$ cat work07.txt   # compact mmCIF, C-alpha atoms (C1' of nucleotides)
# COMPACT_ATOMS: atom_id res chain seq x y z
CA MET A 1 13.03 1.67 -13.38
CA GLN A 2 11.57 2.83 -16.67
CA LEU A 3 8.78 0.25 -16.42
CA ALA A 4 8.02 1.41 -12.86
CA THR A 5 7.01 4.82 -14.27
CA GLU A 6 3.91 3.31 -15.85
CA PRO A 7 0.77 3.73 -13.70
CA ASP A 8 0.01 0.00 -13.58
CA VAL A 9 0.38 -2.35 -10.60
CA ASP A 10 1.86 -5.01 -12.84
CA ALA A 11 4.13 -2.65 -14.78
CA VAL A 12 7.20 -4.37 -13.37
CA SER A 13 6.97 -8.06 -14.23
CA PHE A 14 9.58 -10.56 -15.34
CA ARG A 15 7.74 -11.08 -18.60
CA ARG A 16 7.60 -7.36 -19.49
CA LEU A 17 11.18 -6.90 -18.35
CA GLY A 18 12.29 -9.74 -20.61
CA GLN A 19 10.35 -8.23 -23.49
CA VAL A 20 11.97 -4.80 -23.08
CA LEU A 21 15.44 -6.36 -22.77
CA GLY A 22 14.88 -8.66 -25.73
CA VAL A 23 15.47 -11.69 -23.57
CA HIS A 24 13.61 -14.65 -22.11
CA PRO A 25 11.45 -13.68 -19.09
CA THR A 26 13.14 -16.14 -16.75
CA ALA A 27 16.62 -14.89 -17.64
CA VAL A 28 16.22 -12.25 -14.94
CA TYR A 29 16.35 -15.02 -12.33
CA ARG A 30 20.10 -15.23 -12.89
CA HIS A 31 20.44 -11.67 -11.56
CA PHE A 32 17.75 -11.41 -8.88
CA ARG A 33 16.69 -14.19 -6.52
CA ASP A 34 12.98 -13.41 -6.93
CA LYS A 35 10.66 -10.51 -7.63
CA ASP A 36 10.94 -9.22 -4.08
CA ALA A 37 14.70 -8.85 -4.46
CA LEU A 38 14.22 -7.01 -7.75
CA VAL A 39 11.71 -4.52 -6.31
CA LEU A 40 13.87 -3.98 -3.22
CA ALA A 41 16.89 -3.24 -5.39
CA LEU A 42 14.86 -0.75 -7.46
CA LEU A 43 13.56 1.01 -4.35
CA ASP A 44 17.01 1.25 -2.83
CA ARG A 45 18.41 2.66 -6.06
CA LEU A 46 15.62 5.24 -6.18
CA THR A 47 16.38 6.25 -2.60
CA LEU A 48 20.07 6.61 -3.38
CA ASP A 49 19.30 8.83 -6.40
CA VAL A 50 17.17 11.14 -4.25
CA LEU A 51 19.86 11.35 -1.57
CA GLN A 52 22.43 12.41 -4.15
CA ARG A 53 20.16 15.12 -5.53
CA VAL A 54 19.30 16.64 -2.15
CA PRO A 55 21.71 19.45 -1.18
CA VAL A 56 23.49 18.55 2.05
CA GLU A 57 25.69 21.63 2.39
CA GLY A 58 24.58 25.14 3.13
CA LEU A 59 21.11 24.34 4.36
CA ALA A 60 19.85 24.32 7.95
CA TRP A 61 18.34 21.07 9.22
CA ARG A 62 14.72 22.14 8.72
CA PRO A 63 14.77 23.15 5.05
CA ARG A 64 17.14 20.26 4.34
CA LEU A 65 14.75 17.76 5.91
CA ARG A 66 11.77 19.36 4.21
CA VAL A 67 13.33 19.39 0.74
CA GLY A 68 14.51 15.80 1.19
CA ALA A 69 11.08 14.58 2.23
CA ILE A 70 9.36 16.29 -0.71
CA ALA A 71 11.93 15.01 -3.21
CA TYR A 72 11.55 11.48 -1.87
CA LEU A 73 7.76 11.58 -2.06
CA ASP A 74 7.89 12.89 -5.62
CA ALA A 75 10.35 10.23 -6.75
CA LEU A 76 8.20 7.46 -5.29
CA VAL A 77 4.98 8.82 -6.79
CA GLU A 78 6.71 9.13 -10.17
CA HIS A 79 7.49 5.40 -9.97
CA PRO A 80 4.15 4.21 -8.60
CA ALA A 81 4.57 0.55 -9.57
CA ILE A 82 7.35 0.19 -7.01
CA GLY A 83 6.70 3.33 -4.91
CA HIS A 84 3.46 1.94 -3.53
CA GLN A 85 5.47 -0.75 -1.72
CA ILE A 86 7.86 1.59 0.09
CA GLY A 87 5.80 1.88 3.28
CA PHE A 88 6.58 -1.58 4.53
CA ARG A 89 9.64 -2.88 2.80
CA ALA A 90 13.17 -2.81 4.20
CA SER A 91 15.98 -3.32 1.74
CA GLY A 92 18.85 -2.78 4.14
CA GLY A 93 20.78 -1.40 1.18
CA PRO A 94 22.93 1.73 0.95
CA GLY A 95 19.93 3.84 -0.11
CA GLU A 96 17.82 2.98 2.89
CA LEU A 97 20.67 3.23 5.39
CA GLY A 98 21.79 6.51 3.84
CA ALA A 99 18.27 7.90 4.18
CA ILE A 100 18.08 6.87 7.85
CA GLU A 101 21.48 8.45 8.51
CA PHE A 102 20.37 11.64 6.71
CA LEU A 103 17.25 11.91 8.86
CA LEU A 104 19.03 11.13 12.14
CA VAL A 105 21.69 13.77 11.45
CA CYS A 106 19.01 16.39 10.70
CA LEU A 107 17.27 15.62 13.98
CA GLN A 108 20.50 15.80 15.94
CA GLU A 109 21.27 19.19 14.39
CA ALA A 110 17.82 20.32 15.47
CA GLY A 111 19.05 19.86 19.04
CA LEU A 112 17.18 16.72 20.09
CA ASP A 113 18.65 14.23 22.58
CA ASP A 114 18.99 10.56 21.63
CA VAL A 115 15.57 9.47 22.91
CA GLN A 116 13.84 12.29 21.05
CA VAL A 117 15.89 11.69 17.91
CA VAL A 118 14.69 8.09 17.77
CA ARG A 119 11.05 9.00 18.45
CA HIS A 120 10.95 11.72 15.83
CA TYR A 121 12.89 9.62 13.36
CA ALA A 122 10.17 6.97 13.61
CA LEU A 123 7.37 9.49 13.21
CA THR A 124 8.91 11.40 10.29
CA SER A 125 10.01 8.38 8.30
CA SER A 126 6.77 6.47 8.81
CA TYR A 127 4.78 9.56 7.84
CA VAL A 128 6.69 10.22 4.62
CA LEU A 129 6.82 6.57 3.59
CA ALA A 130 3.17 5.93 4.41
CA MET A 131 2.03 9.04 2.53
CA ALA A 132 4.20 8.22 -0.47
CA SER A 133 2.89 4.68 -0.48
CA ALA A 134 -0.71 5.86 -0.35
CA GLN A 135 -0.25 8.49 -3.07
CA ALA A 136 1.59 6.07 -5.36
CA SER A 137 -1.24 3.60 -4.84
CA ALA A 138 -3.74 6.30 -5.76
CA VAL A 139 -1.92 6.79 -9.06
CA LEU A 140 -2.09 3.04 -9.72
CA SER A 141 -5.74 2.94 -8.77
CA SER A 142 -6.79 5.78 -11.05
CA GLY A 143 -4.53 4.50 -13.83
CA ARG A 144 -3.66 7.93 -15.12
CA VAL A 145 -0.81 10.30 -14.32
CA THR A 146 -2.11 13.57 -12.97
CA ALA A 147 0.18 16.54 -12.46
CA PRO A 148 2.15 15.80 -9.29
CA GLY A 149 0.41 17.01 -6.16
CA ASP A 150 -2.64 18.08 -8.07
CA ARG A 151 -4.66 15.03 -7.22
CA SER A 152 -7.97 15.58 -5.48
CA TRP A 153 -8.03 13.99 -2.05
CA LEU A 154 -11.65 12.96 -1.87
CA GLY A 155 -12.42 13.21 -5.56
CA ALA A 156 -15.96 12.99 -6.80
CA LEU A 157 -17.01 11.12 -3.69
CA VAL A 158 -18.13 14.19 -1.87
CA GLU A 159 -19.32 16.35 -4.74
CA GLN A 160 -22.24 14.20 -5.82
CA LEU A 161 -23.52 13.35 -2.36
CA THR A 162 -27.10 12.09 -2.40
CA PRO A 163 -28.37 11.23 1.10
CA VAL A 164 -27.73 14.66 2.51
CA GLU A 165 -29.62 14.35 5.78
CA ALA A 166 -27.51 11.48 7.19
CA TYR A 167 -24.18 13.35 6.91
CA PRO A 168 -24.91 17.02 7.68
CA THR A 169 -21.32 18.13 8.28
CA VAL A 170 -19.93 16.35 5.24
CA THR A 171 -22.68 17.99 3.19
CA ARG A 172 -22.03 21.46 4.56
CA LEU A 173 -18.27 21.32 3.93
CA ARG A 174 -18.33 19.26 0.73
CA SER A 175 -16.97 21.87 -1.66
CA GLN A 176 -14.07 22.64 0.67
CA LEU A 177 -13.37 18.93 1.13
CA ALA A 178 -13.39 18.37 -2.63
CA ALA A 179 -10.91 21.22 -3.09
CA LEU A 180 -8.22 19.45 -1.01
CA ARG A 181 -5.11 18.45 -2.93
CA ASP A 182 -2.58 15.70 -2.23
CA ARG A 183 0.42 17.97 -1.97
CA GLU A 184 -1.34 20.40 0.36
CA VAL A 185 -2.36 17.58 2.70
CA PHE A 186 1.16 16.15 2.75
CA LEU A 187 2.81 19.53 3.44
CA THR A 188 0.36 20.37 6.23
CA GLY A 189 1.32 17.18 8.06
CA LEU A 190 5.03 17.54 7.33
CA ASP A 191 5.17 21.10 8.67
CA LEU A 192 3.23 20.04 11.76
CA ILE A 193 5.81 17.33 12.40
CA LEU A 194 8.68 19.81 11.89
CA ASP A 195 7.01 22.18 14.35
CA GLY A 196 6.85 19.31 16.82
CA ILE A 197 10.59 18.70 16.42
CA GLU A 198 11.39 22.35 17.12
CA ALA A 199 9.10 22.37 20.13
CA ALA A 200 10.78 19.24 21.52
CA ALA A 201 14.21 20.80 20.97
CA HIS A 202 13.30 23.95 22.93
CA ARG A 203 12.21 21.91 25.97
CA MET G 7 -14.21 -10.96 5.48
CA GLN G 8 -12.99 -14.20 6.98
CA LEU G 9 -10.59 -14.75 4.08
CA ALA G 10 -9.26 -11.20 4.53
CA THR G 11 -7.95 -12.21 7.96
CA GLU G 12 -5.30 -14.42 6.37
CA PRO G 13 -1.89 -12.72 6.03
CA ASP G 14 -1.68 -13.27 2.28
CA VAL G 15 -2.01 -10.66 -0.47
CA ASP G 16 -4.12 -13.06 -2.52
CA ALA G 17 -6.26 -14.25 0.40
CA VAL G 18 -9.36 -12.69 -1.14
CA SER G 19 -9.75 -14.13 -4.63
CA PHE G 20 -12.80 -15.21 -6.57
CA ARG G 21 -11.46 -18.75 -6.74
CA ARG G 22 -10.93 -19.07 -2.98
CA LEU G 23 -14.24 -17.37 -2.28
CA GLY G 24 -16.00 -19.85 -4.53
CA GLN G 25 -14.24 -22.72 -2.82
CA VAL G 26 -15.26 -21.55 0.68
CA LEU G 27 -18.86 -20.97 -0.46
CA GLY G 28 -19.01 -24.31 -2.28
CA VAL G 29 -19.76 -22.59 -5.55
CA HIS G 30 -18.17 -21.90 -8.91
CA PRO G 31 -15.54 -19.08 -8.76
CA THR G 32 -17.27 -16.94 -11.34
CA ALA G 33 -20.63 -17.11 -9.53
CA VAL G 34 -19.52 -14.12 -7.44
CA TYR G 35 -19.72 -11.97 -10.59
CA ARG G 36 -23.52 -12.00 -10.23
CA HIS G 37 -23.16 -10.12 -6.94
CA PHE G 38 -20.16 -7.84 -7.47
CA ARG G 39 -19.25 -6.10 -10.73
CA ASP G 40 -15.55 -6.94 -10.35
CA LYS G 41 -12.93 -7.50 -7.69
CA ASP G 42 -12.59 -3.80 -6.99
CA ALA G 43 -16.27 -3.57 -6.09
CA LEU G 44 -15.93 -6.59 -3.79
CA VAL G 45 -12.92 -5.15 -1.93
CA LEU G 46 -14.58 -1.74 -1.65
CA ALA G 47 -17.71 -3.32 -0.18
CA LEU G 48 -15.62 -5.25 2.36
CA LEU G 49 -13.70 -2.12 3.38
CA ASP G 50 -16.88 -0.11 3.79
CA ARG G 51 -18.44 -2.87 5.88
CA LEU G 52 -15.33 -2.99 8.09
CA THR G 53 -15.50 0.79 8.56
CA LEU G 54 -19.16 0.60 9.49
CA ASP G 55 -18.47 -2.12 12.07
CA VAL G 56 -15.77 0.01 13.71
CA LEU G 57 -18.06 3.06 13.82
CA GLN G 58 -20.74 1.07 15.59
CA ARG G 59 -18.29 -0.21 18.20
CA VAL G 60 -16.80 3.21 19.01
CA PRO G 61 -18.66 4.91 21.88
CA VAL G 62 -20.14 8.19 20.71
CA GLU G 63 -21.82 9.31 23.94
CA GLY G 64 -20.10 10.39 27.12
CA LEU G 65 -16.66 10.99 25.69
CA ALA G 66 -15.00 14.30 24.90
CA TRP G 67 -13.81 14.85 21.33
CA ARG G 68 -10.17 13.99 22.00
CA PRO G 69 -10.53 10.54 23.61
CA ARG G 70 -13.35 9.76 21.18
CA LEU G 71 -11.18 10.58 18.18
CA ARG G 72 -8.22 8.74 19.68
CA VAL G 73 -10.19 5.57 20.48
CA GLY G 74 -11.81 5.65 17.05
CA ALA G 75 -8.49 5.98 15.25
CA ILE G 76 -6.91 3.11 17.20
CA ALA G 77 -9.94 0.85 16.69
CA TYR G 78 -9.90 1.58 12.96
CA LEU G 79 -6.20 0.86 12.62
CA ASP G 80 -6.57 -2.42 14.52
CA ALA G 81 -9.51 -3.56 12.40
CA LEU G 82 -7.62 -2.84 9.19
CA VAL G 83 -4.45 -4.57 10.35
CA GLU G 84 -6.51 -7.60 11.45
CA HIS G 85 -7.79 -7.84 7.86
CA PRO G 86 -4.53 -7.16 6.04
CA ALA G 87 -5.59 -8.62 2.70
CA ILE G 88 -8.06 -5.76 2.26
CA GLY G 89 -6.72 -3.34 4.89
CA HIS G 90 -3.56 -2.64 2.90
CA GLN G 91 -5.71 -1.00 0.22
CA ILE G 92 -7.49 1.48 2.48
CA GLY G 93 -5.04 4.34 1.99
CA PHE G 94 -6.15 5.15 -1.51
CA ARG G 95 -9.54 3.72 -2.12
CA ALA G 96 -12.83 5.63 -1.85
CA SER G 97 -15.97 3.55 -1.58
CA GLY G 98 -18.42 6.39 -1.08
CA GLY G 99 -20.46 3.97 1.00
CA PRO G 100 -22.17 4.52 4.37
CA GLY G 101 -19.06 3.35 6.24
CA GLU G 102 -16.72 5.86 4.64
CA LEU G 103 -19.17 8.76 4.80
CA GLY G 104 -19.99 7.89 8.41
CA ALA G 105 -16.29 7.93 9.28
CA ILE G 106 -15.80 11.34 7.63
CA GLU G 107 -18.82 12.72 9.49
CA PHE G 108 -17.49 11.26 12.78
CA LEU G 109 -14.12 12.96 12.29
CA LEU G 110 -15.57 16.31 11.20
CA VAL G 111 -17.90 16.42 14.22
CA CYS G 112 -14.98 15.68 16.57
CA LEU G 113 -12.97 18.53 15.06
CA GLN G 114 -15.88 20.95 15.32
CA GLU G 115 -16.33 20.04 18.96
CA ALA G 116 -12.64 20.78 19.47
CA GLY G 117 -13.48 24.38 18.58
CA LEU G 118 -11.97 24.67 15.10
CA ASP G 119 -13.46 26.94 12.44
CA ASP G 120 -14.46 25.51 9.06
CA VAL G 121 -11.12 26.09 7.35
CA GLN G 122 -9.21 24.45 10.19
CA VAL G 123 -11.72 21.60 10.39
CA VAL G 124 -11.08 20.74 6.75
CA ARG G 125 -7.29 21.02 7.07
CA HIS G 126 -7.10 18.83 10.16
CA TYR G 127 -9.62 16.40 8.75
CA ALA G 128 -7.30 15.84 5.79
CA LEU G 129 -4.24 15.43 7.98
CA THR G 130 -5.84 13.08 10.52
CA SER G 131 -7.59 10.82 8.04
CA SER G 132 -4.64 10.58 5.69
CA TYR G 133 -2.35 9.82 8.62
CA VAL G 134 -4.53 7.03 10.04
CA LEU G 135 -5.30 5.49 6.66
CA ALA G 136 -1.71 5.68 5.44
CA MET G 137 -0.37 4.14 8.66
CA ALA G 138 -2.99 1.41 8.64
CA SER G 139 -2.23 0.66 5.01
CA ALA G 140 1.51 0.45 5.69
CA GLN G 141 1.09 -1.75 8.78
CA ALA G 142 -1.34 -4.09 7.02
CA SER G 143 1.14 -4.35 4.17
CA ALA G 144 3.87 -5.21 6.65
CA VAL G 145 1.74 -8.11 7.91
CA LEU G 146 1.28 -9.35 4.34
CA SER G 147 4.97 -8.95 3.62
CA SER G 148 6.14 -10.92 6.65
CA GLY G 149 3.40 -13.50 6.18
CA ARG G 150 2.86 -14.09 9.86
CA VAL G 151 0.47 -12.55 12.36
CA THR G 152 2.38 -10.92 15.18
CA ALA G 153 0.62 -9.63 18.27
CA PRO G 154 -1.02 -6.34 17.24
CA GLY G 155 1.26 -3.36 17.68
CA ASP G 156 4.16 -5.52 18.68
CA ARG G 157 5.84 -5.46 15.32
CA SER G 158 9.37 -4.17 15.16
CA TRP G 159 9.64 -1.05 13.04
CA LEU G 160 13.07 -1.57 11.53
CA GLY G 161 13.43 -5.24 12.30
CA ALA G 162 16.70 -7.00 11.88
CA LEU G 163 17.86 -4.38 9.36
CA VAL G 164 19.61 -2.34 11.94
CA GLU G 165 20.76 -4.99 14.40
CA GLN G 166 23.16 -6.78 12.09
CA LEU G 167 24.73 -3.72 10.55
CA THR G 168 28.07 -4.44 8.91
CA PRO G 169 29.61 -1.33 7.28
CA VAL G 170 29.66 0.65 10.50
CA GLU G 171 31.85 3.54 9.42
CA ALA G 172 29.55 4.76 6.63
CA TYR G 173 26.52 5.27 8.91
CA PRO G 174 27.84 6.44 12.28
CA THR G 175 24.56 7.73 13.70
CA VAL G 176 22.57 4.69 12.64
CA THR G 177 25.24 2.54 14.26
CA ARG G 178 25.29 4.49 17.49
CA LEU G 179 21.50 4.38 17.92
CA ARG G 180 20.87 0.95 16.44
CA SER G 181 19.60 -0.82 19.56
CA GLN G 182 17.16 2.00 20.27
CA LEU G 183 16.00 2.00 16.65
CA ALA G 184 15.48 -1.77 16.71
CA ALA G 185 13.39 -1.44 19.90
CA LEU G 186 10.76 0.73 18.17
CA ARG G 187 7.32 -0.85 17.91
CA ASP G 188 4.51 -0.21 15.40
CA ARG G 189 1.94 0.84 17.96
CA GLU G 190 4.31 3.21 19.72
CA VAL G 191 5.20 4.93 16.44
CA PHE G 192 1.54 5.27 15.48
CA LEU G 193 0.49 6.70 18.87
CA THR G 194 3.36 9.19 18.91
CA GLY G 195 2.17 10.66 15.62
CA LEU G 196 -1.49 10.52 16.55
CA ASP G 197 -0.95 12.39 19.82
CA LEU G 198 1.18 14.96 18.04
CA ILE G 199 -1.67 15.57 15.59
CA LEU G 200 -4.18 15.84 18.44
CA ASP G 201 -1.89 18.36 20.15
CA GLY G 202 -1.86 20.35 16.92
CA ILE G 203 -5.65 20.38 16.84
CA GLU G 204 -5.83 21.74 20.39
CA ALA G 205 -3.20 24.36 19.62
CA ALA G 206 -5.13 25.50 16.54
CA ALA G 207 -8.34 25.69 18.57
CA HIS G 208 -6.76 27.94 21.21
CA ARG G 209 -5.61 30.43 18.58
C1' DA T 25 28.15 -17.85 -16.55
C1' DC T 26 24.12 -16.89 -18.82
C1' DC T 27 19.96 -17.86 -21.48
C1' DT T 28 15.92 -20.89 -23.32
C1' DG T 29 11.75 -23.97 -23.30
C1' DA T 30 8.38 -26.15 -21.15
C1' DA T 31 5.66 -26.64 -17.38
C1' DC T 32 3.01 -25.71 -12.89
C1' DA T 33 -0.02 -23.34 -9.93
C1' DC T 34 -2.09 -19.49 -9.56
C1' DC T 35 -4.70 -14.79 -10.93
C1' DG T 36 -9.11 -11.62 -13.01
C1' DT T 37 -12.47 -11.67 -16.49
C1' DT T 38 -15.73 -12.83 -20.48
C1' DC T 39 -19.22 -15.29 -22.57
C1' DA T 40 -22.25 -18.78 -23.94
C1' DA T 41 -24.81 -22.23 -21.86
C1' DG T 42 -27.51 -24.36 -18.41
C1' DT T 43 -31.58 -24.55 -14.58
C1' DA Z 2 -32.26 -14.82 -11.18
C1' DC Z 3 -28.43 -17.50 -10.36
C1' DC Z 4 -24.81 -20.80 -11.38
C1' DT Z 5 -21.52 -23.66 -14.52
C1' DG Z 6 -17.81 -24.70 -18.05
C1' DA Z 7 -14.57 -23.41 -20.97
C1' DA Z 8 -11.54 -20.18 -22.44
C1' DC Z 9 -8.27 -16.02 -22.61
C1' DA Z 10 -4.56 -13.24 -21.15
C1' DC Z 11 -1.93 -12.58 -17.70
C1' DC Z 12 1.14 -13.61 -13.19
C1' DG Z 13 5.65 -15.78 -10.28
C1' DT Z 14 8.49 -19.67 -10.14
C1' DT Z 15 10.90 -24.32 -11.06
C1' DC Z 16 13.85 -27.16 -13.48
C1' DA Z 17 16.20 -29.46 -17.04
C1' DA Z 18 18.48 -28.34 -21.10
C1' DG Z 19 21.25 -25.67 -24.10
C1' DT Z 20 25.73 -22.61 -25.44

$ encode --input "work07.txt" --output "structure tokens"
Amino acid sequence: MQLATEPDVDAVSFRRLGQVLGVHPTAVYRHFRDKDALVLALLDRLTLDVLQRVPVEGLAWRPRLRVGAIAYLDALVEHPAIGHQIGFRASGGPGELGAIEFLLVCLQEAGLDDVQVVRHYALTSSYVLAMASAQASAVLSSGRVTAPGDRSWLGALVEQLTPVEAYPTVTRLRSQLAALRDREVFLTGLDLILDGIEAAAHR
Amino acid sequence: MQLATEPDVDAVSFRRLGQVLGVHPTAVYRHFRDKDALVLALLDRLTLDVLQRVPVEGLAWRPRLRVGAIAYLDALVEHPAIGHQIGFRASGGPGELGAIEFLLVCLQEAGLDDVQVVRHYALTSSYVLAMASAQASAVLSSGRVTAPGDRSWLGALVEQLTPVEAYPTVTRLRSQLAALRDREVFLTGLDLILDGIEAAAHR
DNA sequence: ACCTGAACACCGTTCAAGT
DNA sequence: ACCTGAACACCGTTCAAGT
């Protein structure tokens, strides 16, 4: 888990793990079937940690869901070497199942029927996981750890734009596009999804 | 691009490229600075191809945006070896800039002001790219090419659930959760985002 | 039960050398 | 200008051998 903090795609490897533990690289094979099993176990443990930190009591479904989603995204981005794989990997462990249960209960409390619960579960979870995966990958790609949520969305791409005439709208809005931040983009989408849940509940 | 079709994370490598081209692996270094540059060029080319296939004339902004988003997702998932990297990689090439311009023009036509155009641009693009990245990664992870959009979202995770008592809601809804399909999940979110754009335009 | 040593089949990348 | 050969520093993974 400590290795996964490093902004490097190969931060978690059997060789580095062995080095940190003062042990032969292949010794880890006694404890995990292969690297996939190791990463899955780390991701499930991370999920479990987030679930235990999120307050379950005394919060209505909407702030509870919102806080949980933000905490989960942050935890994954803070462990980019494994976080970038979350979008598409099912562990089936207690962390993942607990997270699904958490989300389903929130959606039921919002007043959705079963069909709507399942639909909005799929949307919310895929959105959070996909965004976390993409943001963790961005950390790996840039190789440095920026303050969380302070990452520029389009970066320098749009600031130093040369062939102006071909992309008039991009050119006109380029300073506003460059000002976009990761966290802002994520929250905009999350709140839109939460609005959609409320709207579906009132129907 | 042909190699990128293979459902293998390492499908695109200098060694395999050299083998297919009947040339020494390192010969590619004359044409691309490093592997990052190669992947970026492939992704930009893929984006450009999609833009040229999407009909620009004779369609209102909403179906145009919808068709474009679906075509882009499909193209990325059909080239998973590079598609899985799209969520976090900026090429700055004609494909990427063309795609941004396409999206911005759609949002302007919807009737949004500049601030709203930028906000919804960020949400829509990050959503499509993140989902495409996650679905392409799922193809790599499973190693087989399923019919597009027909992939199960939760897979066998939820069907063979043993400790029933700990996750009552997951258990109760498990058959409906297992029935979820990639494409359905993606379209639900996309249409919700498009609804949000219309709602913002009417304000 | 747990760890080591050696080996295999892969990676990206550099650099000097060829034509 | 373009390609080759050899090398370096990494990967995951296997298997027989140690204690």

$ interface_residues --input "work07.txt" --of "chain Z" --to "chain A" --cutoff "9 Å" --atoms "only C-alpha atoms (C1' of nucleotides)" --output "list of chain:residue names"
Z:DC12, Z:DG13, Z:DT14

$ atom_distance --input "work07.txt" --atom1 "CA of Glu63 in chain G" --atom2 "CA of Ala96 in chain G"
27.6 Å

$ residues_around --input "work07.txt" --residues "range 134-142 of chain A" --least-positions-apart "3" --cutoff "7 Å" --atoms "all atoms listed in the file" --output "ChimeraX atom specification"
/A:7-9,76-77,80,83-84,130-131,145 /G:93-94,136

$ closest_atom_pairs --input "work07.txt" --of "chain G" --to "chain A" --cutoff "9 Å" --atoms "all atoms listed in the file" --output "CSV"
residue,atom,partner,partner_atom,distance
G:Gln91,CA,A:Ser137,CA,8.2
G:Ile92,CA,A:Ala134,CA,8.6
G:Gly93,CA,A:Ala134,CA,5.2
G:Phe94,CA,A:Ala138,CA,5.0
G:Arg95,CA,A:Ala138,CA,7.3
G:Ala96,CA,A:Leu157,CA,7.1
G:Ser97,CA,A:Leu157,CA,7.9
G:Gly98,CA,A:Leu157,CA,5.6
G:Leu103,CA,A:Tyr167,CA,7.1
G:Gly104,CA,A:Tyr167,CA,7.0
G:Ile106,CA,A:Val170,CA,6.9
G:Glu107,CA,A:Val170,CA,5.7
G:Leu110,CA,A:Thr169,CA,6.7
G:Val111,CA,A:Thr169,CA,7.1
G:Asp120,CA,A:Leu173,CA,7.6
G:Val121,CA,A:Gln176,CA,8.1
G:Val124,CA,A:Leu177,CA,6.3
G:Arg125,CA,A:Val185,CA,7.4
G:His126,CA,A:Thr188,CA,8.6
G:Tyr127,CA,A:Leu177,CA,8.9
G:Ala128,CA,A:Val185,CA,6.1
G:Leu129,CA,A:Gly189,CA,5.8
G:Thr130,CA,A:Gly189,CA,8.6
G:Ser132,CA,A:Met131,CA,7.5
G:Tyr133,CA,A:Tyr127,CA,7.2
G:Leu135,CA,A:Ala134,CA,8.4
G:Ala136,CA,A:Ala130,CA,5.0
G:Met137,CA,A:Ala130,CA,5.8
G:Ala138,CA,A:Ala130,CA,8.7
G:Ser139,CA,A:Ala130,CA,7.6
G:Ala140,CA,A:Gly87,CA,5.1
G:Gln141,CA,A:Phe88,CA,6.9
G:Ala142,CA,A:Phe88,CA,8.7
G:Ser143,CA,A:Phe88,CA,6.1
G:Ala144,CA,A:Phe88,CA,5.0
G:Val145,CA,A:Phe88,CA,8.8
G:Ser147,CA,A:Phe88,CA,7.6
G:Trp159,CA,A:Ala122,CA,8.1
G:Leu160,CA,A:Ala90,CA,7.4
G:Gly161,CA,A:Ala90,CA,8.5
G:Leu163,CA,A:Gly92,CA,5.5
G:Val164,CA,A:Gly92,CA,7.8
G:Leu167,CA,A:Gly92,CA,8.7
G:Ala172,CA,A:Gly98,CA,8.4
G:Tyr173,CA,A:Glu101,CA,6.0
G:Pro174,CA,A:Glu101,CA,7.7
G:Thr175,CA,A:Glu101,CA,6.1
G:Val176,CA,A:Glu101,CA,5.7
G:Leu179,CA,A:Asp114,CA,7.6
G:Gln182,CA,A:Val118,CA,7.0
G:Leu183,CA,A:Val118,CA,6.3
G:Leu186,CA,A:Ala122,CA,7.8
G:Glu190,CA,A:Arg119,CA,9.0
G:Val191,CA,A:Leu123,CA,6.0
G:Phe192,CA,A:Leu123,CA,7.5
G:Thr194,CA,A:Leu123,CA,7.0
G:Gly195,CA,A:Leu123,CA,5.8
G:Leu198,CA,A:Gly196,CA,7.2
G:Ile199,CA,A:Leu192,CA,7.7
G:Gly202,CA,A:Leu192,CA,7.3

$ closest_residue --input "work07.txt" --among "A:Val56, A:Ala199, A:Leu40, A:Leu73" --to "Gly111 in chain A" --atoms "only C-alpha atoms"
A:Ala199

$ residues_around --input "work07.txt" --residues "Arg45 in chain A" --least-positions-apart "4" --cutoff "8 Å" --atoms "all atoms listed in the file" --output "number ranges by chain"
A: 41, 49, 95

$ atom_distance --input "work07.txt" --atom1 "CA of Ala75 in chain G" --atom2 "CA of Val67 in chain A"
29.4 Å

$ residues_near_point --input "work07.txt" --point "(19.8, -27.7, -24.2)" --cutoff "12 Å" --atoms "all atoms listed in the file" --output "PyMOL selection string"
(chain T and resi 27-30) or (chain Z and resi 17-20)

$ atom_distance --input "work07.txt" --atom1 "CA of Arg16 in chain A" --atom2 "CA of Leu3 in chain A"
8.3 Å

$ residues_around --input "work07.txt" --residues "Val56 in chain G" --least-positions-apart "3" --cutoff "9 Å" --atoms "all atoms listed in the file" --output "list in words"
Arg51, Leu52, Thr53, Arg59, Val60, Gly74, Ala77, Tyr78, Ala81 and Gly101 of chain G
